[in-house]
Every structure is written in structure tokens, then in C-alpha cells.
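S.K.: Encoded as C-alpha cells, here's the structure I'll be asking about.
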Amino acid sequence: MVAHSGLITVMERAARKAGPRLRRDFNEVQQLQVSRKGPADFVSMADQRAEQTLYEELKKARPDWGFVMEERGLVEGDPDKPRWIVDPLDGTSNFLHGIPHFAISIAVEDPRGAGGKTEITHGLVYQPLTDESFWAEKGRGAWLQDRRLRVSARRDLLDALIATGIPYAGHGDMKQWSAIFAAVAPEVAGVRRFGAASLDLAWVAAGRFDGFWESDLAVWDVAAGMLMVREAGGFVTDFRGGDRAIDRSEFLAANDTLHSKLHKLVGGALKAPR
């Protein structure tokens with residue numbers, strides 16, 4: 001068994017406490033109380049209950065830490081201490097439609113990073129239905145349970161399976177996405193849209209997907225997964241190949257060779273007249 005830090009233990013314990021209730025609610029999805037949160041953006045009682053469980057467990061373990069949470073928003077803590085970034089149910093639309101592909105995502109953001117910058121130091125993505133726990137620690141690699149993860153070794157786009165997220169009502173730039181898709185799809189083995197960015201990135205880290213692109217994502221969707229890809233030997237940048245992925249809400253992930261090739265395709269698509 002690989003030894004991980006106490007923080008990963010705290011995160012996994014919280015996720016595994018919230019997981020069984022999500023599994024039960026998923027099996028009774030038609031009975032859930034659902035309210036509209038925005039255009040085609042739903043929030044369920046299951047989402048709220050999971051977030052409450054995660055909040056209570058993480059708060060108990062680190063009472064002076066703040067939170068950034070999808071439903072609860074910003075919860076202030078000691079500004080000199082790390083804070084939790086939490087998505088209690090990534091893939092809510094899948095969940096509400098009975099599609100068994102969703103996850104809990106938890107990350108730690110530390111304000112005391114290199115050069116005085118904040119950085120993500122720990123991440124966990126937990127799939128309650130498959131009981132898969134993907135986790136990463138800065139400088140210690142990415143793991144699925146006790147198995148070390150490495151990004152895909154594929155070098156040829158024609159062999160590559162790429163994940164994405166498609167814009168929908170009220171979210172994203174369909175023209176931009178269509179231009180990128182038109183550039184990427186003819187060059188790769190396939191493009192998949194599964195509807196949970198945290199799992200997409202965890203699967204890139206695990207080598208199940210060879211690459212990923214999406215825009216208009218929130219920090220709680222990607223914080224844990226980005227760390228996993230990097231700790232598994234991959235790259236995550238914005239569409240311009242820079243380090244402002246979260247600032248720009250543009251995410252391009254792959255191994256070194258495929259990332260360079262995808263970046264050229266995406267860059268060309270963004271420059272082309274639309």
C-alpha cells in the first residue's frame with residue numbers, strides 16, 4: 001500500500017462519507033427535488049446534501065481553513081492557511097438523467113506556494129458508483145487507490161482518444177468550440193463528451209483519455225484534476241499554451257507530444273476567421 005499524507009486521508013474520508021448517500025439518491029433519481037439554478041443548469045437536493053457532508057467533515061478536520069464550494073460559494077477562513085475547493089457533484093446533469101458518470105472533487109489550494117503564488121497541492125476525485133479514488137499530491141505523483149498513474153504514452157494523434165465538453169444553453173462559446181472540433185476531430189481516433197470534467201482530467205492522468213479540451217469551467221471542476229494530470233507527467237495549459245488556464249477558463253491537457261500537436265490545432269482554429 002502506498003502511503004499518502006494525512007490531508008489525502010481527510011479528503012478521502014469526507015468523500016467516502018458523502019458517497020453512499022449519492023449512490024442512494026442516484027437510485028431514486030426520479031424522486032429527487034430539483035430546482036432551476038440557471039439555463040439548463042440544475043441543482044438537486046442530492047448535490048446540497050453531499051456538499052453539507054463534505055463541508056462538515058473537512059471543517060472538522062481543519063477548522064480554520066476556508067472553502068470555495070459550488071453551492072455554498074466562498075467561505076472565509078484564515079487567509080494565511082490553505083483552503084478547500086469542493087465540487088460535491090460534478091456531472092449533475094448526468095446524475096439527474098440516470099447516467100452513471102459523476103464524481104466528487106476536492107482540492108487544497110495553498111497561498112504559500114513558490115514565489116508567493118497560490119498553488120494546488122492536493123487533489124482527489126472520487127467516483128461513488130465505481131468506488132474509484134483518484135488522488136494526487138504535489139511532488140508525490142498521481143494515483144488510483146495504490147496504483148501509480150501515468151499519462152498516455154501515445155505520440156500519434158491518429159491513435160489518440162480526446163475528451164471535451166460541449167457548450168450548452170447559457171454556457172460556453174459554441175462557435176469557438178465548433179472551430180476547435182472541426183480542427184481536432186479529423187486528426188484523432190475519436191472525441192468523447194462524458195459530462196464530468198473532473199473525471200475527464202482524472203482519466204487523462206490514468207491514460208484512459210489521451211487528451212482533453214474544454215472552456216468555461218469553474219475552478220472546482222478542474223482544480224483536483226489539473227494537479228493529477230501534471231503529477232502523472234502531463235501538461236495542462238490554456239488554449240494559447242500558457243499558464244493562465246484558470247484565469248482564462250481554457251483547459252488543454254495531454255502528454256508532452258500530444259499537447260504540442262493539439263495546441264497547434266487549437267491555436268490554428270482560434271486564429272481562423274469565424
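Residues in the C-alpha cells are numbered from 1 in each chain, the chains being A, B, ... in the order shown, and ligands are numbered from 1 in the order shown.
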Could you name the residues that touch stretch 230-240 of chain A at 8 Å or less, counting only C-alpha atoms, but leaving out those on the same chain fewer than 2 positions away, as a ChimeraX atom specification?
M.R.: /A:136-142,149-151,205-206,226-228,242-246,248-256,259,263,266-267
S.K.: Considering only C-alpha atoms, give me a table of residues in stretch 44-108 of chain A that are at most 8 Å from stretch 20-33 of chain A, with the closest atom pair and distance in Å for each, as CSV.
M.R.:
residue,atom,partner,partner_atom,distance
A:Ser44,CA,A:Gln33,CA,6.0
A:Met45,CA,A:Gln33,CA,5.8
A:Ala46,CA,A:Leu22,CA,6.3
A:Ala50,CA,A:Leu22,CA,6.9
A:Phe95,CA,A:Phe26,CA,6.5
A:Leu96,CA,A:Val29,CA,6.1
A:His97,CA,A:Val29,CA,7.7
A:Gly98,CA,A:Val29,CA,6.7
S.K.: Write a file of the just-selected residues containing N, CA and C atoms, as a compact mmCIF listing (two decimals), in the first residue's frame.
M.R.:
# COMPACT_ATOMS: atom_id res chain seq x y z
N SER A 44 -29.70 19.74 -7.35
CA SER A 44 -30.60 18.80 -6.69
C SER A 44 -30.36 18.77 -5.19
N MET A 45 -31.31 18.20 -4.50
CA MET A 45 -31.13 18.02 -3.07
C MET A 45 -29.94 17.11 -2.79
N ALA A 46 -29.68 16.18 -3.69
CA ALA A 46 -28.53 15.30 -3.53
C ALA A 46 -27.24 16.10 -3.53
N ALA A 50 -24.74 16.34 -0.30
CA ALA A 50 -23.34 15.93 -0.41
C ALA A 50 -22.41 17.06 0.01
N PHE A 95 -26.26 12.84 -13.47
CA PHE A 95 -26.89 12.28 -12.28
C PHE A 95 -28.42 12.35 -12.40
N LEU A 96 -28.92 13.51 -12.78
CA LEU A 96 -30.37 13.71 -12.84
C LEU A 96 -31.04 12.95 -13.97
N HIS A 97 -30.25 12.55 -14.98
CA HIS A 97 -30.80 11.78 -16.08
C HIS A 97 -30.52 10.28 -15.94
N GLY A 98 -29.99 9.89 -14.79
CA GLY A 98 -29.74 8.47 -14.56
C GLY A 98 -28.52 7.93 -15.29
S.K.: Atom CA of A:Arg13 to atom CA of A:Val229: how many Å, to one decimal?
M.R.: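 Computing it gives 22.5 Å between the two atoms.
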S.K.: For the structure I just gave you, how does DSSP split stretch 109-265 of chain A - specifically, which residues are alpha helix (DSSP H)? Reply as a ChimeraX atom specification.
M.R.: /A:174-184,197-205,219-231,245-248,256-265
S.K.: Keeping N, CA and C atoms, export the residues of the selection given above as a CSV table (one decimal), in the first residue's frame.
M.R.:
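So selection04.csv came out as:
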chain,number,residue,atom,x,y,z
A,174,MET,N,-20.2,28.4,-28.5
A,174,MET,CA,-20.4,27.3,-29.5
A,174,MET,C,-19.6,27.5,-30.7
A,175,LYS,N,-19.4,28.7,-31.2
A,175,LYS,CA,-18.7,29.0,-32.4
A,175,LYS,C,-17.2,28.6,-32.2
A,176,GLN,N,-16.7,29.0,-31.0
A,176,GLN,CA,-15.3,28.7,-30.7
A,176,GLN,C,-15.1,27.1,-30.6
A,177,TRP,N,-16.0,26.5,-29.9
A,177,TRP,CA,-15.9,25.0,-29.8
A,177,TRP,C,-16.0,24.3,-31.1
A,178,SER,N,-16.9,24.8,-31.9
A,178,SER,CA,-17.1,24.2,-33.2
A,178,SER,C,-15.9,24.3,-34.1
A,179,ALA,N,-15.2,25.5,-34.0
A,179,ALA,CA,-14.0,25.7,-34.8
A,179,ALA,C,-12.9,24.7,-34.3
A,180,ILE,N,-12.8,24.6,-33.0
A,180,ILE,CA,-11.8,23.7,-32.5
A,180,ILE,C,-12.1,22.2,-32.8
A,181,PHE,N,-13.3,21.8,-32.7
A,181,PHE,CA,-13.8,20.5,-33.0
A,181,PHE,C,-13.5,20.2,-34.5
A,182,ALA,N,-13.8,21.1,-35.3
A,182,ALA,CA,-13.5,20.9,-36.8
A,182,ALA,C,-12.0,20.7,-37.1
A,183,ALA,N,-11.2,21.3,-36.3
A,183,ALA,CA,-9.7,21.2,-36.5
A,183,ALA,C,-9.2,19.9,-35.9
A,184,VAL,N,-9.8,19.5,-34.7
A,184,VAL,CA,-9.2,18.3,-34.0
A,184,VAL,C,-9.8,17.0,-34.5
A,197,ALA,N,-16.0,17.1,-16.0
A,197,ALA,CA,-14.6,17.5,-16.3
A,197,ALA,C,-13.6,16.9,-15.3
A,198,SER,N,-14.0,16.8,-14.0
A,198,SER,CA,-13.1,16.2,-13.0
A,198,SER,C,-12.7,14.8,-13.4
A,199,LEU,N,-13.6,14.0,-13.9
A,199,LEU,CA,-13.3,12.7,-14.3
A,199,LEU,C,-12.5,12.6,-15.6
A,200,ASP,N,-12.9,13.6,-16.5
A,200,ASP,CA,-12.1,13.7,-17.8
A,200,ASP,C,-10.6,13.8,-17.5
A,201,LEU,N,-10.3,14.8,-16.6
A,201,LEU,CA,-8.9,15.0,-16.3
A,201,LEU,C,-8.3,13.9,-15.5
A,202,ALA,N,-9.0,13.2,-14.6
A,202,ALA,CA,-8.5,12.1,-13.9
A,202,ALA,C,-8.2,10.9,-14.9
A,203,TRP,N,-9.1,10.8,-15.9
A,203,TRP,CA,-8.9,9.8,-16.9
A,203,TRP,C,-7.7,10.1,-17.8
A,204,VAL,N,-7.4,11.4,-18.1
A,204,VAL,CA,-6.2,11.7,-18.8
A,204,VAL,C,-5.0,11.3,-18.0
A,205,ALA,N,-5.0,11.6,-16.7
A,205,ALA,CA,-3.9,11.2,-15.8
A,205,ALA,C,-3.7,9.7,-15.8
A,219,VAL,N,-13.4,26.7,-11.2
A,219,VAL,CA,-12.2,26.2,-10.5
A,219,VAL,C,-12.5,24.9,-9.8
A,220,TRP,N,-13.7,24.7,-9.2
A,220,TRP,CA,-14.0,23.5,-8.5
A,220,TRP,C,-14.1,22.3,-9.5
A,221,ASP,N,-14.4,22.6,-10.8
A,221,ASP,CA,-14.5,21.5,-11.8
A,221,ASP,C,-13.1,20.9,-12.1
A,222,VAL,N,-12.0,21.7,-12.0
A,222,VAL,CA,-10.8,21.3,-12.6
A,222,VAL,C,-9.6,21.3,-11.6
A,223,ALA,N,-9.7,21.9,-10.4
A,223,ALA,CA,-8.5,22.1,-9.6
A,223,ALA,C,-7.8,20.7,-9.2
A,224,ALA,N,-8.6,19.7,-8.8
A,224,ALA,CA,-8.0,18.4,-8.5
A,224,ALA,C,-7.5,17.7,-9.7
A,225,GLY,N,-8.2,17.8,-10.8
A,225,GLY,CA,-7.9,17.0,-12.0
A,225,GLY,C,-6.6,17.6,-12.6
A,226,MET,N,-6.5,18.9,-12.6
A,226,MET,CA,-5.3,19.5,-13.2
A,226,MET,C,-4.0,19.1,-12.5
A,227,LEU,N,-4.1,19.0,-11.2
A,227,LEU,CA,-2.9,18.5,-10.4
A,227,LEU,C,-2.6,17.1,-10.8
A,228,MET,N,-3.7,16.3,-10.9
A,228,MET,CA,-3.4,14.9,-11.3
A,228,MET,C,-2.7,14.7,-12.6
A,229,VAL,N,-3.2,15.4,-13.6
A,229,VAL,CA,-2.5,15.3,-14.9
A,229,VAL,C,-1.1,15.7,-14.8
A,230,ARG,N,-0.8,16.8,-14.2
A,230,ARG,CA,0.6,17.2,-14.1
A,230,ARG,C,1.5,16.2,-13.3
A,231,GLU,N,0.9,15.7,-12.2
A,231,GLU,CA,1.7,14.7,-11.4
A,231,GLU,C,1.8,13.4,-12.1
A,245,ALA,N,-4.7,29.0,-17.4
A,245,ALA,CA,-5.9,28.1,-17.7
A,245,ALA,C,-7.1,28.5,-16.8
A,246,ILE,N,-6.8,28.7,-15.5
A,246,ILE,CA,-8.0,29.0,-14.7
A,246,ILE,C,-8.4,30.5,-14.9
A,247,ASP,N,-7.5,31.4,-15.1
A,247,ASP,CA,-7.8,32.8,-15.3
A,247,ASP,C,-8.7,32.9,-16.6
A,248,ARG,N,-8.3,32.2,-17.6
A,248,ARG,CA,-8.9,32.3,-18.9
A,248,ARG,C,-10.1,31.3,-19.0
A,256,ASP,N,3.3,15.4,-23.3
A,256,ASP,CA,4.0,16.4,-23.9
A,256,ASP,C,3.9,16.5,-25.4
A,257,THR,N,4.0,15.3,-26.1
A,257,THR,CA,4.0,15.3,-27.5
A,257,THR,C,2.6,15.7,-28.1
A,258,LEU,N,1.6,15.0,-27.5
A,258,LEU,CA,0.2,15.3,-28.0
A,258,LEU,C,-0.2,16.7,-27.6
A,259,HIS,N,0.2,17.2,-26.5
A,259,HIS,CA,-0.2,18.5,-26.1
A,259,HIS,C,0.3,19.5,-27.1
A,260,SER,N,1.6,19.4,-27.6
A,260,SER,CA,2.1,20.3,-28.6
A,260,SER,C,1.3,20.2,-29.9
A,261,LYS,N,0.9,19.0,-30.3
A,261,LYS,CA,0.2,18.8,-31.5
A,261,LYS,C,-1.2,19.4,-31.4
A,262,LEU,N,-1.9,19.1,-30.3
A,262,LEU,CA,-3.2,19.6,-30.0
A,262,LEU,C,-3.2,21.2,-29.9
A,263,HIS,N,-2.2,21.7,-29.3
A,263,HIS,CA,-2.1,23.1,-29.1
A,263,HIS,C,-2.0,23.8,-30.5
A,264,LYS,N,-1.3,23.2,-31.4
A,264,LYS,CA,-1.2,23.8,-32.8
A,264,LYS,C,-2.5,23.8,-33.5
A,265,LEU,N,-3.3,22.7,-33.3
A,265,LEU,CA,-4.6,22.6,-33.9
A,265,LEU,C,-5.5,23.6,-33.3
S.K.: Quick one: everything within 6 Å of A:Ala160, counting only C-alpha atoms, minus sequence neighbours fewer than 5 positions away in the same chain. Send it as a ChimeraX atom specification.
M.R.: /A:188-189,210
S.K.: Write a file of the selected residues as an mmCIF file, in the first residue's frame, keeping C-alpha atoms.
M.R.:
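Saved result, result-v6.cif, follows:
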data_model
loop_
_atom_site.group_PDB
_atom_site.id
_atom_site.type_symbol
_atom_site.label_atom_id
_atom_site.label_comp_id
_atom_site.auth_asym_id
_atom_site.auth_seq_id
_atom_site.Cartn_x
_atom_site.Cartn_y
_atom_site.Cartn_z
ATOM 1 C CA VAL A 188 -7.703 11.925 -33.981
ATOM 2 C CA ALA A 189 -9.100 8.445 -33.325
ATOM 3 C CA ASP A 210 -5.056 10.821 -24.428
#
S.K.: One decimal, in Å: what's the spacing between atom CA of A:Pro167 and atom CA of A:Lys271?
M.R.: 19.6 Å
S.K.: Tell me, as number ranges by chain, which residues lie within 9 Å of stretch 87-93 of chain A, counting only C-alpha atoms; anything in the same chain fewer than 5 positions away does not count.
M.R.: A: 15, 18, 22, 40-44, 46-52, 54, 68-71, 98-99, 101-106, 194-199, 220-221
S.K.: Would you pick out the contacts of A:Gly113 at 12 Å or less, using only C-alpha atoms, so that residues sharing its chain but fewer than 4 positions from it are not included, and give the list as a list in words?
M.R.: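 Those residues are Asp80, Lys81, Pro82, Val108, Glu109, Lys117, Thr118, Glu119, Ile120, Thr121 and Lys138 of chain A.
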S.K.: Please save C-alpha atoms of the selected residues as a compact mmCIF listing (two decimals), in the first residue's frame.
M.R.:
# COMPACT_ATOMS: atom_id res chain seq x y z
CA ASP A 80 -2.63 32.58 5.73
CA LYS A 81 -3.85 28.98 5.68
CA PRO A 82 -4.87 26.77 2.74
CA VAL A 108 -6.38 22.03 -1.48
CA GLU A 109 -5.21 25.49 -2.52
CA LYS A 117 1.72 32.40 -5.53
CA THR A 118 -1.17 30.20 -4.57
CA GLU A 119 -0.94 26.62 -5.82
CA ILE A 120 -2.95 23.42 -5.75
CA THR A 121 -1.08 20.93 -3.56
CA LYS A 138 2.31 17.91 -5.43
S.K.: In Å, rounded to a single decimal, give me how far atom CA of A:Ala14 is from atom CA of A:Arg193.
M.R.: 28.0 Å
S.K.: Which residues in stretch 42-254 of chain A does DSSP call strand (DSSP E)? List them as a VMD selection string.
M.R.: chain A and resid 42 to 44 66 to 69 73 to 75 83 to 90 103 to 110 119 to 127 132 to 137 141 to 144 147 to 148 161 to 164 190 to 192 211 to 215 235 to 237 250 to 254
S.K.: Go through A:Ile85, A:Thr164, A:Asp216, A:Pro186 one by one, measure the shortest atom-to-atom distance of each to A:Gly123 using only C-alpha atoms, and give the residue with the smallest value.
M.R.: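 So, comparing all the options, the nearest one is A:Ile85.
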S.K.: A:Gly66: which residues within 9 Å, counting only C-alpha atoms, same-chain residues fewer than 5 positions away excluded, as a VMD selection string?
M.R.: chain A and resid 59 74 to 79 81 to 85
S.K.: Taking only C-alpha atoms into account, name the residue in A:Thr53, A:Pro111, A:Gly165, A:Ala269 that is nearest to A:Trp65.
M.R.: A:Pro111
S.K.: My list of candidates is A:Ser35, A:Gln127, A:Ser215, A:Ser152. Which is closest to A:Glu12 when distances are computed with only C-alpha atoms?
M.R.: A:Gln127
